[in-house]
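Structure, as structure tokens:
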Amino acid sequence: MKQRVVRLGIGLYAALSGTMALAADVQVAVAANFTAPMKAIAAAFQEKTGDTVTAAYGATGQFYAQIRNGAPFEVFLAADDTTPARLEQEKATVPGTRFTYATGALALWSARDGYVDKDGMVLKQGHFAHLSIANPKAAPYGLAAIQTLEKLGLMDALRPRIVEGQNISQAQQFVASGNAELGFVALSQVYKDGKLTSGSAWIVPESLHEPIRQDAVILEKGRDNPAARAFVDFLRGPEAEKIILSFGYKR
């Protein structure tokens with residue numbers, strides 16, 4: 001009996017060792033606005049495949065510079081569609097792998113309940129000292145915020161009150177910490193399963209800014225990593241889509 005138990009134990013160890021040997025990792029650069037959905041998607045991907053995702057979060061423009069300078073990223077989830085297209089033109093991606101994984105929404109948000117009205121009139125009333133946005137040169141959501149202010153004819157009046165975060169996460173943190181009374185953030189940062197997670201917000205109409213189409217692509221460094229392609233396939237699938245939609249994105 002003891003010998004049988006030992007043999008079963010060894011067999012189980014060998015099976016587990018084989019499973020662990022097959023597990024792989026994929027290095028992914030992720031736009032900061034997609035932080036929360038990405039964490040949920042990465043966990044679901046690992047549970048299904050055994051492969052892991054090592055993700056870095058930041059501004060799309062900064063990631064572009066890092067990728068061109070040899071950063072070890074294998075997949076790129078951008079906050080726009082132009083940066084992955086540019087990398088594709090520069091032959092820094094695997095051909096045929098670029099696609100739109102989400103279309104984002106911009107929100108004017110305050111950590112205070114009732115501070116932002118449903119029509120965004122708080123911008124015109126002007127009873128605030130600081131308006132937070134992401135750096136428009138590096139973050140597409142920051143650019144969308146500028147476009148919105150220009151479309152509303154408020155850019156000149158509000159320019160002195162604007163404080164810029166390096167990326168959309170820092171812009172949201174300025175508001176969450178109270179350093180800015182309100183700010184333009186990605187809806188996904190303050191929204192889950194059909195409702196705000198905190199504070200008050202105005203979802204900016206799509207007509208006030210260019211569409212925020214977010215593209216993903218396999219980078220050249222991921223060409224020979226099967227886990228990179230497996231992750232992108234998972235991102236296209238129904239499990240990831242359900243998570244993406246729950247954070248207020250569209251496909």
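By order in the structure tokens, chains are A, B, ...; within a chain, residues start at 1; ligands start at 1, following the order shown.
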**Study point:** Residues within 8 Å of A:Ala105, only C-alpha atoms, excluding chain neighbours under 3 positions, as a PyMOL selection string
**Key:** chain A and resi 186-188+203-204+206+212+248-249
Practice item. Mind checking which residues fall within 9 Å of A:Ala31, counting only C-alpha atoms, ignoring those fewer than 5 positions away in the same chain, and posting them as an NGL selection string? Key: :A and (56-60 or 63 or 76-80 or 139 or 167-168 or 214)
Would you export the selected residues with all heavy atoms as a short mmCIF file (atom, residue, chain, number, x, y, z; two decimals), in the first residue's frame, please?
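Writing done, so here's again-v8.cif:
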data_model
loop_
_atom_site.label_atom_id
_atom_site.label_comp_id
_atom_site.auth_asym_id
_atom_site.auth_seq_id
_atom_site.Cartn_x
_atom_site.Cartn_y
_atom_site.Cartn_z
N ALA A 56 2.31 46.30 -17.57
CA ALA A 56 2.75 47.62 -17.15
C ALA A 56 1.69 48.61 -17.62
O ALA A 56 1.14 48.47 -18.71
CB ALA A 56 4.10 47.96 -17.78
N TYR A 57 1.40 49.61 -16.78
CA TYR A 57 0.33 50.56 -17.08
C TYR A 57 0.90 51.97 -17.20
O TYR A 57 1.73 52.38 -16.39
CB TYR A 57 -0.73 50.52 -15.98
CG TYR A 57 -1.34 49.16 -15.77
CD1 TYR A 57 -0.81 48.28 -14.81
CD2 TYR A 57 -2.41 48.74 -16.53
CE1 TYR A 57 -1.36 47.01 -14.63
CE2 TYR A 57 -2.96 47.47 -16.35
CZ TYR A 57 -2.43 46.62 -15.40
OH TYR A 57 -2.97 45.38 -15.22
N GLY A 58 0.45 52.70 -18.22
CA GLY A 58 0.95 54.05 -18.41
C GLY A 58 0.31 54.75 -19.58
O GLY A 58 -0.70 54.29 -20.13
N ALA A 59 0.91 55.87 -19.98
CA ALA A 59 0.40 56.67 -21.09
C ALA A 59 0.83 56.05 -22.42
O ALA A 59 1.96 55.58 -22.57
CB ALA A 59 0.91 58.11 -20.98
N THR A 60 -0.06 56.08 -23.38
CA THR A 60 0.19 55.48 -24.69
C THR A 60 1.41 56.09 -25.36
O THR A 60 2.25 55.37 -25.93
CB THR A 60 -1.06 55.62 -25.57
OG1 THR A 60 -2.08 54.76 -25.04
CG2 THR A 60 -0.78 55.23 -27.00
N PHE A 63 4.57 54.80 -23.83
CA PHE A 63 4.83 53.41 -24.22
C PHE A 63 5.38 53.35 -25.64
O PHE A 63 6.26 52.52 -25.93
CB PHE A 63 3.55 52.58 -24.14
CG PHE A 63 3.26 52.04 -22.76
CD1 PHE A 63 1.99 52.10 -22.22
CD2 PHE A 63 4.26 51.46 -22.00
CE1 PHE A 63 1.71 51.61 -20.96
CE2 PHE A 63 4.01 50.96 -20.73
CZ PHE A 63 2.73 51.04 -20.21
N PHE A 76 0.70 45.17 -27.03
CA PHE A 76 0.43 46.57 -26.69
C PHE A 76 -1.06 46.82 -26.75
O PHE A 76 -1.69 46.60 -27.79
CB PHE A 76 1.18 47.47 -27.66
CG PHE A 76 1.07 48.95 -27.38
CD1 PHE A 76 0.82 49.45 -26.10
CD2 PHE A 76 1.24 49.87 -28.42
CE1 PHE A 76 0.75 50.82 -25.86
CE2 PHE A 76 1.17 51.22 -28.19
CZ PHE A 76 0.93 51.71 -26.91
N LEU A 77 -1.64 47.25 -25.64
CA LEU A 77 -3.04 47.68 -25.59
C LEU A 77 -3.03 49.19 -25.43
O LEU A 77 -2.81 49.72 -24.33
CB LEU A 77 -3.79 47.03 -24.42
CG LEU A 77 -4.41 45.64 -24.66
CD1 LEU A 77 -3.33 44.63 -25.02
CD2 LEU A 77 -5.16 45.17 -23.43
N ALA A 78 -3.24 49.91 -26.52
CA ALA A 78 -3.13 51.36 -26.52
C ALA A 78 -4.46 52.02 -26.16
O ALA A 78 -5.51 51.37 -26.11
CB ALA A 78 -2.67 51.84 -27.89
N ALA A 79 -4.41 53.33 -25.93
CA ALA A 79 -5.63 54.10 -25.65
C ALA A 79 -6.13 54.79 -26.91
O ALA A 79 -7.07 55.59 -26.85
CB ALA A 79 -5.36 55.13 -24.56
N ASP A 80 -5.50 54.48 -28.05
CA ASP A 80 -5.95 55.04 -29.32
C ASP A 80 -5.74 54.01 -30.42
O ASP A 80 -5.29 52.89 -30.16
CB ASP A 80 -5.21 56.35 -29.64
CG ASP A 80 -3.70 56.15 -29.81
OD1 ASP A 80 -3.23 55.00 -29.88
OD2 ASP A 80 -2.98 57.16 -29.87
N ALA A 139 -1.60 61.13 -23.75
CA ALA A 139 -2.78 60.33 -23.37
C ALA A 139 -3.99 60.74 -24.22
O ALA A 139 -4.42 61.89 -24.16
CB ALA A 139 -3.08 60.51 -21.88
N ASN A 167 -0.56 60.72 -16.94
CA ASN A 167 -1.45 59.79 -17.63
C ASN A 167 -2.83 59.89 -16.98
O ASN A 167 -3.05 60.67 -16.04
CB ASN A 167 -0.90 58.36 -17.59
CG ASN A 167 -0.60 57.91 -16.16
OD1 ASN A 167 -1.45 58.00 -15.28
ND2 ASN A 167 0.61 57.42 -15.93
N ILE A 168 -3.78 59.11 -17.47
CA ILE A 168 -5.14 59.22 -16.98
C ILE A 168 -5.29 58.75 -15.54
O ILE A 168 -6.15 59.22 -14.80
CB ILE A 168 -6.12 58.47 -17.93
CG1 ILE A 168 -7.57 58.96 -17.74
CG2 ILE A 168 -6.00 56.98 -17.76
CD1 ILE A 168 -7.81 60.38 -18.17
N GLN A 214 -9.61 52.12 -29.14
CA GLN A 214 -8.40 51.59 -28.53
C GLN A 214 -8.00 50.29 -29.21
O GLN A 214 -8.73 49.31 -29.17
CB GLN A 214 -8.62 51.39 -27.02
CG GLN A 214 -9.05 52.68 -26.34
CD GLN A 214 -9.04 52.60 -24.83
OE1 GLN A 214 -9.62 53.45 -24.18
NE2 GLN A 214 -8.37 51.61 -24.25
#
Practice item. Can you check which residues of stretch 8-124 of chain A DSSP gives as strand (DSSP E) on the backbone and send them as a PyMOL selection string? Key: chain A and resi 25-31+52-58+75-77+99-104+106-110
Quick one: write out the picked residues with N, CA and C atoms as a short mmCIF file (atom, residue, chain, number, x, y, z; two decimals), in the first residue's frame?
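selection_32.cif, written as the output of this step:
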data_model
loop_
_atom_site.label_atom_id
_atom_site.label_comp_id
_atom_site.auth_asym_id
_atom_site.auth_seq_id
_atom_site.Cartn_x
_atom_site.Cartn_y
_atom_site.Cartn_z
N ASP A 25 4.56 33.17 -19.93
CA ASP A 25 4.26 34.54 -19.51
C ASP A 25 4.28 35.44 -20.73
N VAL A 26 3.44 36.46 -20.71
CA VAL A 26 3.42 37.45 -21.79
C VAL A 26 3.53 38.84 -21.19
N GLN A 27 4.42 39.64 -21.76
CA GLN A 27 4.67 41.01 -21.29
C GLN A 27 3.77 41.97 -22.07
N VAL A 28 2.91 42.69 -21.35
CA VAL A 28 1.90 43.53 -22.00
C VAL A 28 1.99 44.97 -21.51
N ALA A 29 2.04 45.91 -22.45
CA ALA A 29 1.97 47.34 -22.15
C ALA A 29 0.51 47.76 -22.29
N VAL A 30 -0.05 48.36 -21.24
CA VAL A 30 -1.48 48.63 -21.19
C VAL A 30 -1.75 50.11 -20.90
N ALA A 31 -2.59 50.72 -21.71
CA ALA A 31 -3.00 52.10 -21.45
C ALA A 31 -3.61 52.21 -20.06
N THR A 52 0.48 33.37 -17.63
CA THR A 52 0.38 34.59 -16.84
C THR A 52 0.64 35.82 -17.69
N VAL A 53 0.13 36.95 -17.22
CA VAL A 53 0.33 38.23 -17.88
C VAL A 53 1.10 39.14 -16.93
N THR A 54 2.21 39.66 -17.41
CA THR A 54 2.94 40.70 -16.68
C THR A 54 2.62 42.02 -17.36
N ALA A 55 1.86 42.87 -16.69
CA ALA A 55 1.37 44.10 -17.31
C ALA A 55 2.02 45.33 -16.71
N ALA A 56 2.31 46.30 -17.57
CA ALA A 56 2.75 47.62 -17.15
C ALA A 56 1.69 48.61 -17.62
N TYR A 57 1.40 49.61 -16.78
CA TYR A 57 0.33 50.56 -17.08
C TYR A 57 0.90 51.97 -17.20
N GLY A 58 0.45 52.70 -18.22
CA GLY A 58 0.95 54.05 -18.41
C GLY A 58 0.31 54.75 -19.58
N VAL A 75 2.95 42.54 -26.29
CA VAL A 75 1.61 42.95 -26.72
C VAL A 75 1.39 44.37 -26.23
N PHE A 76 0.70 45.17 -27.03
CA PHE A 76 0.43 46.57 -26.69
C PHE A 76 -1.06 46.82 -26.75
N LEU A 77 -1.64 47.25 -25.64
CA LEU A 77 -3.04 47.68 -25.59
C LEU A 77 -3.03 49.19 -25.43
N PHE A 99 -6.19 45.12 -33.88
CA PHE A 99 -7.65 45.19 -33.88
C PHE A 99 -8.12 46.11 -32.76
N THR A 100 -9.34 46.59 -32.85
CA THR A 100 -9.92 47.45 -31.81
C THR A 100 -10.52 46.57 -30.73
N TYR A 101 -9.96 46.66 -29.53
CA TYR A 101 -10.44 45.82 -28.43
C TYR A 101 -11.49 46.54 -27.58
N ALA A 102 -11.56 47.88 -27.68
CA ALA A 102 -12.54 48.64 -26.90
C ALA A 102 -12.66 50.04 -27.46
N THR A 103 -13.83 50.63 -27.28
CA THR A 103 -14.04 52.05 -27.57
C THR A 103 -14.41 52.73 -26.26
N GLY A 104 -13.60 53.70 -25.87
CA GLY A 104 -13.75 54.29 -24.55
C GLY A 104 -14.71 55.46 -24.49
N LEU A 106 -15.42 59.19 -22.27
CA LEU A 106 -14.84 60.23 -21.42
C LEU A 106 -15.89 60.68 -20.41
N ALA A 107 -15.46 60.93 -19.18
CA ALA A 107 -16.37 61.40 -18.15
C ALA A 107 -15.77 62.57 -17.40
N LEU A 108 -16.61 63.54 -17.06
CA LEU A 108 -16.23 64.61 -16.14
C LEU A 108 -16.64 64.14 -14.76
N TRP A 109 -15.66 64.00 -13.86
CA TRP A 109 -15.93 63.33 -12.59
C TRP A 109 -15.46 64.13 -11.40
N SER A 110 -16.20 64.05 -10.31
CA SER A 110 -15.79 64.60 -9.02
C SER A 110 -15.94 63.51 -7.97
#
Exercise for review: Could you give me, as an NGL selection string, the residues within 8 Å of A:Met155, counting only C-alpha atoms and dropping anything in the same chain fewer than 5 positions from it?
Suggested key: :A and (146 or 149-150)
**Study point:** Selection near A:Asp193, 9 Å with only C-alpha atoms, sequence-local residues under 3 positions removed, as a ChimeraX atom specification
**Key:** /A:196,245-248
Review point. Which parts of stretch 100-246 of chain A does DSSP call helix (DSSP H, G or I) when run on the backbone here, written out as a VMD selection string?
Key: chain A and resid 122 to 125 140 to 151 155 to 161 168 to 176 187 to 189 206 to 208 220 to 222 226 to 236 238 to 246
Exercise for review: Compile the contact shell of A:Gly126 as an MDAnalysis selection string: residues with an atom at most 12 Å away, counting only C-alpha atoms, same-chain residues fewer than 6 positions apart removed.
Suggested key: chainID A and resid 115:116 120 154 157:161 181:182
Point to revise | Selection: 10 Å around A:Gln170, only C-alpha atoms, excl. self and same-chain fewer than 6 positions, as a list in words | key: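 So the residues in contact are Ala32, Gly58, Ser132, Ile133, Ala134, Asn135, Glu164, Ala176 and Val185 of chain A.
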Limited to all heavy atoms, could you put the picked residues into a file as an mmCIF file, in the first residue's frame?
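What landed in part.cif:
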data_model
loop_
_atom_site.group_PDB
_atom_site.id
_atom_site.type_symbol
_atom_site.label_atom_id
_atom_site.label_comp_id
_atom_site.auth_asym_id
_atom_site.auth_seq_id
_atom_site.Cartn_x
_atom_site.Cartn_y
_atom_site.Cartn_z
ATOM 1 N N ALA A 32 -3.288 53.276 -19.350
ATOM 2 C CA ALA A 32 -3.669 53.415 -17.942
ATOM 3 C C ALA A 32 -5.180 53.360 -17.734
ATOM 4 O O ALA A 32 -5.649 52.858 -16.705
ATOM 5 C CB ALA A 32 -3.117 54.724 -17.383
ATOM 6 N N GLY A 58 0.445 52.701 -18.225
ATOM 7 C CA GLY A 58 0.954 54.054 -18.408
ATOM 8 C C GLY A 58 0.314 54.753 -19.584
ATOM 9 O O GLY A 58 -0.698 54.295 -20.129
ATOM 10 N N SER A 132 -8.713 68.739 -13.586
ATOM 11 C CA SER A 132 -7.657 67.781 -13.893
ATOM 12 C C SER A 132 -7.893 67.107 -15.246
ATOM 13 O O SER A 132 -9.015 66.699 -15.560
ATOM 14 C CB SER A 132 -7.605 66.714 -12.790
ATOM 15 O OG SER A 132 -6.671 65.705 -13.100
ATOM 16 N N ILE A 133 -6.823 66.994 -16.030
ATOM 17 C CA ILE A 133 -6.868 66.221 -17.276
ATOM 18 C C ILE A 133 -5.539 65.474 -17.421
ATOM 19 O O ILE A 133 -4.545 65.805 -16.775
ATOM 20 C CB ILE A 133 -7.094 67.096 -18.528
ATOM 21 C CG1 ILE A 133 -5.859 67.975 -18.809
ATOM 22 C CG2 ILE A 133 -8.341 67.954 -18.382
ATOM 23 C CD1 ILE A 133 -5.904 68.662 -20.163
ATOM 24 N N ALA A 134 -5.527 64.468 -18.276
ATOM 25 C CA ALA A 134 -4.273 63.779 -18.598
ATOM 26 C C ALA A 134 -3.523 64.583 -19.657
ATOM 27 O O ALA A 134 -4.122 65.340 -20.424
ATOM 28 C CB ALA A 134 -4.564 62.369 -19.105
ATOM 29 N N ASN A 135 -2.227 64.413 -19.683
ATOM 30 C CA ASN A 135 -1.387 65.094 -20.668
ATOM 31 C C ASN A 135 -1.896 64.790 -22.085
ATOM 32 O O ASN A 135 -1.818 63.648 -22.538
ATOM 33 C CB ASN A 135 0.054 64.603 -20.516
ATOM 34 C CG ASN A 135 1.004 65.227 -21.518
ATOM 35 O OD1 ASN A 135 0.607 65.966 -22.410
ATOM 36 N ND2 ASN A 135 2.282 64.925 -21.378
ATOM 37 N N GLU A 164 -2.428 69.049 -15.188
ATOM 38 C CA GLU A 164 -2.205 67.869 -16.021
ATOM 39 C C GLU A 164 -1.538 66.741 -15.245
ATOM 40 O O GLU A 164 -0.542 66.949 -14.555
ATOM 41 C CB GLU A 164 -1.330 68.210 -17.225
ATOM 42 C CG GLU A 164 -2.027 69.008 -18.294
ATOM 43 C CD GLU A 164 -1.150 69.169 -19.533
ATOM 44 O OE1 GLU A 164 -0.092 68.496 -19.617
ATOM 45 O OE2 GLU A 164 -1.513 69.974 -20.401
ATOM 46 N N ALA A 176 -9.434 62.296 -6.959
ATOM 47 C CA ALA A 176 -9.734 61.418 -5.826
ATOM 48 C C ALA A 176 -9.116 61.940 -4.532
ATOM 49 O O ALA A 176 -9.698 61.785 -3.444
ATOM 50 C CB ALA A 176 -9.232 60.005 -6.114
ATOM 51 N N VAL A 185 -11.833 62.075 -16.834
ATOM 52 C CA VAL A 185 -11.243 60.755 -16.636
ATOM 53 C C VAL A 185 -11.864 59.778 -17.632
ATOM 54 O O VAL A 185 -12.838 60.097 -18.321
ATOM 55 C CB VAL A 185 -11.476 60.247 -15.195
ATOM 56 C CG1 VAL A 185 -10.898 61.236 -14.180
ATOM 57 C CG2 VAL A 185 -12.954 60.007 -14.916
#
Exercise for review: Compile the contact shell of A:Asp113 as a ChimeraX atom specification: residues with an atom at most 8 Å away, counting only C-alpha atoms, same-chain residues fewer than 6 positions apart removed.
Suggested key: /A:198-200
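Closest approach to A:Lys221 from the set A:Ala71, A:Ala240, A:Met38, A:Ile162 is made by A:Ala71, with distances taken over only C-alpha atoms.
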**Study point:** Best match for closeness to A:Ala23 among A:Pro226, A:Arg112, A:Phe73, A:Ser177, counting only C-alpha atoms
**Key:**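 Checking each of A:Pro226, A:Arg112, A:Phe73, A:Ser177 against A:Ala23, counting only C-alpha atoms, the winner is A:Pro226.
Considering the residues A:Phe184, A:Tyr64, A:Phe174, A:Tyr191 and counting only C-alpha atoms, A:Ile244 has its shortest atom-to-atom contact with A:Tyr191.
For the choices A:Pro37, A:Ala180, A:Val163, A:Ala24, the atom-to-atom distance to A:Gly50 is smallest for A:Ala24 when using only C-alpha atoms.
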